[in-house]
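Pasting target09.tsv here (TSV, C-alpha atoms and all ligand atoms):
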```tsv
chain	number	residue	atom	x	y	z
A	1	MET	CA	152.31	75.99	75.02
A	2	THR	CA	155.60	74.69	73.60
A	3	SER	CA	157.19	71.53	74.91
A	4	ILE	CA	160.02	73.55	76.52
A	5	GLN	CA	157.49	75.67	78.40
A	6	HIS	CA	155.59	72.53	79.39
A	7	ASN	CA	158.80	70.79	80.55
A	8	LEU	CA	159.80	73.85	82.57
A	9	GLN	CA	156.47	73.75	84.39
A	10	GLU	CA	156.96	70.08	85.16
A	11	VAL	CA	160.49	70.59	86.44
A	12	ARG	CA	159.36	73.49	88.63
A	13	GLN	CA	156.64	71.21	90.04
A	14	ARG	CA	159.23	68.49	90.72
A	15	ILE	CA	161.37	71.01	92.60
A	16	ALA	CA	158.38	72.24	94.60
A	17	ALA	CA	157.32	68.68	95.47
A	18	ALA	CA	160.84	67.65	96.50
A	19	ALA	CA	161.17	70.80	98.62
A	20	ALA	CA	157.78	70.22	100.26
A	21	ARG	CA	158.70	66.63	101.18
A	22	CYS	CA	161.64	67.85	103.26
A	23	GLY	CA	160.02	70.98	104.65
A	24	ARG	CA	161.97	73.43	102.50
A	25	SER	CA	160.63	76.40	100.61
A	26	PRO	CA	160.91	76.06	96.80
A	27	GLU	CA	162.26	79.62	96.66
A	28	GLU	CA	165.47	78.37	98.29
A	29	ILE	CA	166.23	76.37	95.15
A	30	THR	CA	167.33	78.03	91.92
A	31	LEU	CA	166.63	76.19	88.70
A	32	LEU	CA	169.56	76.39	86.31
A	33	ALA	CA	168.47	75.41	82.80
A	34	VAL	CA	171.38	73.63	81.11
A	35	SER	CA	171.22	74.56	77.44
A	36	LYS	CA	174.46	73.00	76.15
A	37	THR	CA	174.21	71.78	72.54
A	38	LYS	CA	170.78	73.45	72.21
A	39	PRO	CA	170.15	76.42	69.88
A	40	ALA	CA	169.66	79.98	71.08
A	41	SER	CA	166.03	79.72	69.93
A	42	ASP	CA	165.43	77.06	72.63
A	43	VAL	CA	166.90	79.39	75.25
A	44	ALA	CA	164.67	82.19	73.94
A	45	GLU	CA	161.63	79.96	74.45
A	46	ALA	CA	162.65	79.24	78.02
A	47	LEU	CA	163.23	82.96	78.63
A	48	GLN	CA	159.71	83.67	77.43
A	49	ALA	CA	158.48	81.13	79.98
A	50	GLY	CA	160.17	83.10	82.76
A	51	GLN	CA	163.37	81.06	83.09
A	52	LEU	CA	166.32	83.42	83.68
A	53	ALA	CA	169.37	81.34	84.72
A	54	PHE	CA	171.16	79.18	82.13
A	55	GLY	CA	174.15	76.87	82.26
A	56	GLU	CA	176.60	76.24	79.43
A	57	ASN	CA	179.48	73.71	79.26
A	58	TYR	CA	181.41	74.78	76.19
A	59	VAL	CA	182.95	78.25	76.25
A	60	GLN	CA	182.62	79.30	72.62
A	61	GLU	CA	179.13	77.84	72.22
A	62	GLY	CA	178.05	79.64	75.37
A	63	VAL	CA	179.51	82.99	74.33
A	64	ASP	CA	177.79	82.74	70.94
A	65	LYS	CA	174.42	82.29	72.66
A	66	ILE	CA	175.14	85.03	75.19
A	67	LEU	CA	175.83	87.51	72.39
A	68	THR	CA	172.84	86.34	70.33
A	69	LEU	CA	170.44	86.70	73.26
A	70	ALA	CA	171.77	89.90	74.86
A	71	GLY	CA	168.82	92.26	74.97
A	72	ALA	CA	165.45	92.47	76.56
A	73	TYR	CA	165.58	89.57	79.04
A	74	GLN	CA	169.04	89.85	80.70
A	75	PRO	CA	169.54	86.14	81.35
A	76	GLU	CA	172.08	85.11	84.00
A	77	TRP	CA	174.74	82.87	82.48
A	78	HIS	CA	176.59	80.17	84.41
A	79	PHE	CA	179.65	78.37	83.09
A	80	ILE	CA	179.46	74.74	84.29
A	81	GLY	CA	181.92	72.85	82.05
A	82	PRO	CA	185.56	71.88	82.47
A	83	LEU	CA	187.61	75.05	82.02
A	84	GLN	CA	190.96	75.17	80.23
A	85	SER	CA	193.32	78.05	81.00
A	86	ASN	CA	193.28	79.35	77.45
A	87	LYS	CA	189.48	79.83	77.62
A	88	SER	CA	189.30	81.54	80.99
A	89	ARG	CA	189.22	85.07	79.55
A	90	LEU	CA	185.95	84.44	77.69
A	91	VAL	CA	184.37	83.10	80.87
A	92	ALA	CA	185.62	86.09	82.90
A	93	GLU	CA	184.25	88.51	80.30
A	94	HIS	CA	180.86	86.99	79.50
A	95	PHE	CA	179.55	84.89	82.38
A	96	ALA	CA	178.10	85.84	85.79
A	97	TRP	CA	179.07	82.55	87.47
A	98	CYS	CA	181.69	79.81	87.09
A	99	HIS	CA	180.87	76.50	88.83
A	100	THR	CA	184.02	74.59	87.98
A	101	VAL	CA	186.94	76.26	89.76
A	102	ASP	CA	189.19	73.42	90.90
A	103	ARG	CA	192.67	74.91	90.94
A	104	LEU	CA	194.24	78.18	91.96
A	105	ARG	CA	195.74	78.83	88.52
A	106	ILE	CA	192.26	79.03	86.98
A	107	ALA	CA	190.92	81.17	89.82
A	108	THR	CA	193.82	83.60	89.49
A	109	ARG	CA	193.33	83.93	85.74
A	110	LEU	CA	189.57	84.52	86.14
A	111	ASN	CA	190.32	87.16	88.77
A	112	ASP	CA	192.91	88.93	86.61
A	113	GLN	CA	190.72	88.77	83.51
A	114	ARG	CA	187.43	89.91	85.08
A	115	PRO	CA	186.63	93.30	83.48
A	116	ALA	CA	186.61	96.20	85.95
A	117	HIS	CA	183.12	97.38	84.90
A	118	LEU	CA	181.52	94.05	85.88
A	119	PRO	CA	180.66	92.89	89.41
A	120	PRO	CA	182.90	90.14	90.82
A	121	LEU	CA	182.51	86.78	89.10
A	122	ASN	CA	180.54	84.40	91.32
A	123	VAL	CA	182.52	81.20	91.72
A	124	LEU	CA	181.89	77.74	93.06
A	125	ILE	CA	184.65	75.29	93.88
A	126	GLN	CA	184.06	71.94	92.22
A	127	VAL	CA	184.55	68.98	94.55
A	128	ASN	CA	185.20	65.44	93.33
A	129	ILE	CA	182.87	63.79	95.81
A	130	SER	CA	182.34	60.30	94.43
A	131	ASP	CA	183.62	59.84	90.91
A	132	GLU	CA	186.98	58.08	90.86
A	133	ASN	CA	187.07	58.18	87.07
A	134	SER	CA	186.62	61.94	86.81
A	135	LYS	CA	189.58	64.27	86.77
A	136	SER	CA	187.39	67.29	87.52
A	137	GLY	CA	187.09	68.72	90.99
A	138	ILE	CA	189.34	68.79	94.03
A	139	MET	CA	189.39	66.20	96.76
A	140	PRO	CA	187.48	67.31	99.88
A	141	ASP	CA	190.66	67.52	101.98
A	142	ALA	CA	192.10	70.13	99.58
A	143	LEU	CA	189.07	72.41	99.96
A	144	PRO	CA	190.13	74.61	102.92
A	145	GLU	CA	193.36	75.72	101.24
A	146	LEU	CA	191.80	76.47	97.85
A	147	ALA	CA	188.82	78.23	99.44
A	148	GLN	CA	191.12	80.51	101.39
A	149	ALA	CA	193.06	81.45	98.26
A	150	VAL	CA	189.93	82.03	96.17
A	151	ALA	CA	188.26	84.12	98.88
A	152	ALA	CA	191.27	86.46	98.84
A	153	LEU	CA	190.84	87.32	95.14
A	154	PRO	CA	188.99	90.66	94.86
A	155	ASN	CA	187.34	90.12	91.48
A	156	LEU	CA	185.87	86.77	92.48
A	157	GLN	CA	183.07	86.17	94.97
A	158	LEU	CA	183.25	82.73	96.59
A	159	ARG	CA	179.62	81.55	96.66
A	160	GLY	CA	179.95	77.85	97.47
A	161	LEU	CA	180.45	74.38	96.07
A	162	MET	CA	179.49	72.30	93.07
A	163	ALA	CA	179.67	68.57	92.41
A	164	ILE	CA	178.77	66.05	89.73
A	165	PRO	CA	178.34	62.80	91.67
A	166	ALA	CA	178.96	59.54	89.84
A	167	PRO	CA	175.71	58.22	88.31
A	168	GLU	CA	173.82	56.18	90.90
A	169	LYS	CA	170.31	54.78	90.67
A	170	ASP	CA	169.70	54.06	94.36
A	171	TYR	CA	168.08	57.00	96.15
A	172	GLN	CA	169.63	56.33	99.56
A	173	ARG	CA	173.10	56.19	98.06
A	174	GLN	CA	172.44	59.39	96.08
A	175	LEU	CA	171.33	61.00	99.32
A	176	ALA	CA	174.45	59.90	101.22
A	177	VAL	CA	176.76	61.52	98.66
A	178	CYS	CA	174.66	64.69	98.53
A	179	GLN	CA	174.77	64.86	102.33
A	180	GLU	CA	178.58	64.77	102.25
A	181	MET	CA	178.48	67.82	99.98
A	182	ALA	CA	176.03	69.57	102.29
A	183	ASP	CA	178.38	68.94	105.23
A	184	LEU	CA	181.30	70.44	103.30
A	185	LEU	CA	179.19	73.49	102.49
A	186	ALA	CA	178.19	73.91	106.12
A	187	SER	CA	181.83	73.93	107.24
A	188	LEU	CA	182.77	76.40	104.48
A	189	LYS	CA	179.93	78.73	105.49
A	190	LYS	CA	181.40	79.07	108.97
A	191	HIS	CA	184.47	80.79	107.53
A	192	TYR	CA	183.07	82.74	104.58
A	193	PRO	CA	179.90	84.86	104.91
A	194	SER	CA	179.56	85.09	101.09
A	195	VAL	CA	179.00	81.32	100.83
A	196	ASP	CA	175.34	80.45	100.23
A	197	THR	CA	175.20	78.11	97.24
A	198	LEU	CA	175.30	74.35	96.77
A	199	SER	CA	175.12	73.50	93.05
A	200	LEU	CA	174.03	69.88	93.14
A	201	GLY	CA	171.42	67.75	91.40
A	202	MET	CA	170.72	66.95	87.75
A	203	SER	CA	167.72	65.41	85.97
A	204	ASP	CA	168.24	62.00	87.61
A	205	ASP	CA	169.18	62.92	91.19
A	206	MET	CA	167.56	66.29	91.91
A	207	GLU	CA	165.19	64.92	94.55
A	208	ALA	CA	168.07	63.55	96.66
A	209	ALA	CA	170.08	66.74	96.13
A	210	ILE	CA	167.19	68.91	97.32
A	211	ALA	CA	166.61	66.67	100.34
A	212	ALA	CA	170.27	67.11	101.29
A	213	GLY	CA	170.15	70.92	100.93
A	214	SER	CA	171.01	71.80	97.34
A	215	THR	CA	170.26	75.44	96.50
A	216	MET	CA	170.79	75.14	92.74
A	217	VAL	CA	169.82	72.23	90.54
A	218	ARG	CA	171.24	71.98	87.02
A	219	ILE	CA	168.67	70.51	84.66
A	220	GLY	CA	169.17	69.93	80.95
A	221	THR	CA	167.41	66.90	79.49
A	222	ALA	CA	164.19	67.28	81.46
A	223	ILE	CA	163.75	70.81	80.03
A	224	PHE	CA	165.24	70.76	76.53
A	225	GLY	CA	165.01	67.04	75.70
A	226	ALA	CA	167.80	64.60	74.89
A	227	ARG	CA	171.00	66.02	73.50
A	228	ASP	CA	172.22	65.04	70.06
A	229	TYR	CA	175.99	65.34	69.88
A	230	GLY	CA	176.03	64.15	66.25
A	231	ALA	CA	179.17	62.69	64.75
A	232	THR	CA	181.61	65.11	66.40
A	233	PRO	CA	181.36	66.29	69.99
A	234	PRO	CA	181.27	70.07	70.48
A	235	GLN	CA	184.63	71.76	70.97
A	236	GLN	CA	185.61	73.11	74.38
B	1	LIG	C1	174.90	68.40	81.15
B	1	LIG	C2	175.05	68.81	82.55
B	1	LIG	C3	173.92	68.95	83.38
B	1	LIG	C4	172.51	68.61	82.96
B	1	LIG	O1	172.37	67.24	82.90
B	1	LIG	P1	170.93	66.57	82.58
B	1	LIG	O2	171.14	65.16	82.95
B	1	LIG	O3	170.72	66.76	81.10
B	1	LIG	O4	169.92	67.26	83.39
B	1	LIG	C5	174.13	69.40	84.68
B	1	LIG	N1	175.37	69.70	85.13
B	1	LIG	C6	176.46	69.59	84.35
B	1	LIG	C7	177.80	69.94	84.90
B	1	LIG	C8	176.33	69.14	83.05
B	1	LIG	O5	177.43	69.02	82.30
```

Let's see the structure in the file written out as C-alpha cells.
Amino acid sequence: MTSIQHNLQEVRQRIAAAAARCGRSPEEITLLAVSKTKPASDVAEALQAGQLAFGENYVQEGVDKILTLAGAYQPEWHFIGPLQSNKSRLVAEHFAWCHTVDRLRIATRLNDQRPAHLPPLNVLIQVNISDENSKSGIMPDALPELAQAVAALPNLQLRGLMAIPAPEKDYQRQLAVCQEMADLLASLKKHYPSVDTLSLGMSDDMEAAIAAGSTMVRIGTAIFGARDYGATPPQQ
C-alpha cells in the first residue's frame, strides 16, 4: 500500500470516529482531497484508492490535472481557491463545483460562462467567519442578498456555504466558530431547497467542523503530505 492510500484510510477513519462521537453517520460527510501543488500522479494514486472528489486552488494547475486525468475514473473537481475574474471561464468550463463565490460579479461570470452541455455549476458562498486578516469571503450580514442573487442564476446551483476559519488550536473555540457557520447554513436552507452543503474543516480542525455539522471536509496535508512551494509560489 502506498503512503497516499494509507493516509486516505487514516483520514477516513478520523472522519468516521468524529462522526460517531456526535451521533452522525460518516456517509453524511464527503471527503474532499486537496491536491494543490501535488502532481497528477498523486491524484491518480488516490483515485485508485477509491477517492473521487478533489480540490484545487490554482486555476491553471487544476485544469492541467483535470485534462491529464480525464478518463476511466471521472473524478469530481472542486475549485477552492481565490478566484479572479479573468480566470472564471476556466473554472466554469472544467470544474463541477466552486467553493469561493464571494461577489455577484464572479457569480454572474461563472453563470454566463458555464457551457450549455454541462449541468449547472455547484456553488458555495464563501463566508469570512473569523479571519479579520483575510480578504476572502463575505461578511455574514451580506449573505442573504448575495444568496438571493446567486440562486436566481440558471447555470449555477446554490449548494451552501464554505469558510476557512482563522487558525485556532483550542477545540472549544474551533467549535464555536464552526457552529456559527452551521447556524448560517440552517437559515439559508429554510429559503433554498438546493442548499445541503457546509464545506468546513481542514487537517487541523476537521473534528470540530464535523461536530458542528460540516458535510464536506477539505483535507490536503493529511493525505498528500506537506506541500513544498519551492522558491516561487504557484501562479493563480
Ligand atoms: C490548502 C487548503 C486546504 C487543505 O489544507 P490542509 O491543512 O493541507 O488540510 C483546505 N481548504 C482550502 C481552501 C485550502 O486552500

Tell me which protein, DNA and RNA residues are within 6 Å of stretch 193-195 of chain A, counting only C-alpha atoms, leaving out same-chain ones fewer than 3 positions away, and put them as a PDB file with C-alpha atoms, in the frame of the given file.
```
ATOM      1  CA  ARG A 159     179.620  81.550  96.660  1.00  0.00           C
ATOM      2  CA  GLY A 160     179.950  77.850  97.470  1.00  0.00           C
ATOM      3  CA  LYS A 189     179.930  78.730 105.490  1.00  0.00           C
TER       4      LYS A 189
END
```

Problem set entry | Distance criterion (all atoms listed in the file): nearest to A:Gln5 out of A:Pro75, A:Gly81, A:Gly137, A:Gly225 | A:Gly225

Exercise. When the cut-off is 6 Å and you count all atoms listed in the file, which residues lie near ligand LIG 1 (chain B), shown as a PyMOL selection string?
Worked result: chain A and resi 34+57+80-81+202-203+218-221

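Nearest-residue note for A:Arg173: choosing from A:Ile66, A:Ala208, A:Ala49, A:Leu31, the minimum distance belongs to A:Ala208, counting only C-alpha atoms.
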
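Compared by their closest atoms to A:Ser214, and using all atoms listed in the file, the residues A:Ala176, A:Met162, A:Leu52, A:Ala70 rank with A:Met162 nearest.
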
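With all atoms listed in the file as the atoms that count, the residue of A:Ser187, A:Gln126, A:Gln148, A:Asn86 with the shortest distance to A:Leu200 is A:Gln126.
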
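Excluding A:Gln51 itself and same-chain residues fewer than 3 positions from it, the residues having an atom within 10 Å of it are Gln5, Leu8, Leu31, Leu32, Ala33, Val43, Ala44, Glu45, Ala46, Leu47, Gln48, Phe54, Tyr73, Pro75 and Glu76 of chain A, counting only C-alpha atoms.
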
Using C-alpha atoms, can you write the selected residues to a file as an mmCIF file, in the frame of the given file?
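Just written: out_3.cif:
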```cif
data_model
loop_
_atom_site.group_PDB
_atom_site.id
_atom_site.type_symbol
_atom_site.label_atom_id
_atom_site.label_comp_id
_atom_site.auth_asym_id
_atom_site.auth_seq_id
_atom_site.Cartn_x
_atom_site.Cartn_y
_atom_site.Cartn_z
ATOM 1 C CA GLN A 5 157.490 75.670 78.400
ATOM 2 C CA LEU A 8 159.800 73.850 82.570
ATOM 3 C CA LEU A 31 166.630 76.190 88.700
ATOM 4 C CA LEU A 32 169.560 76.390 86.310
ATOM 5 C CA ALA A 33 168.470 75.410 82.800
ATOM 6 C CA VAL A 43 166.900 79.390 75.250
ATOM 7 C CA ALA A 44 164.670 82.190 73.940
ATOM 8 C CA GLU A 45 161.630 79.960 74.450
ATOM 9 C CA ALA A 46 162.650 79.240 78.020
ATOM 10 C CA LEU A 47 163.230 82.960 78.630
ATOM 11 C CA GLN A 48 159.710 83.670 77.430
ATOM 12 C CA PHE A 54 171.160 79.180 82.130
ATOM 13 C CA TYR A 73 165.580 89.570 79.040
ATOM 14 C CA PRO A 75 169.540 86.140 81.350
ATOM 15 C CA GLU A 76 172.080 85.110 84.000
#
```

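Of the residues listed (A:Pro115, A:Val59, A:Glu207, A:Gln74), A:Glu207 shows the shortest atom-to-atom separation from A:Asp170; distances use all atoms listed in the file.
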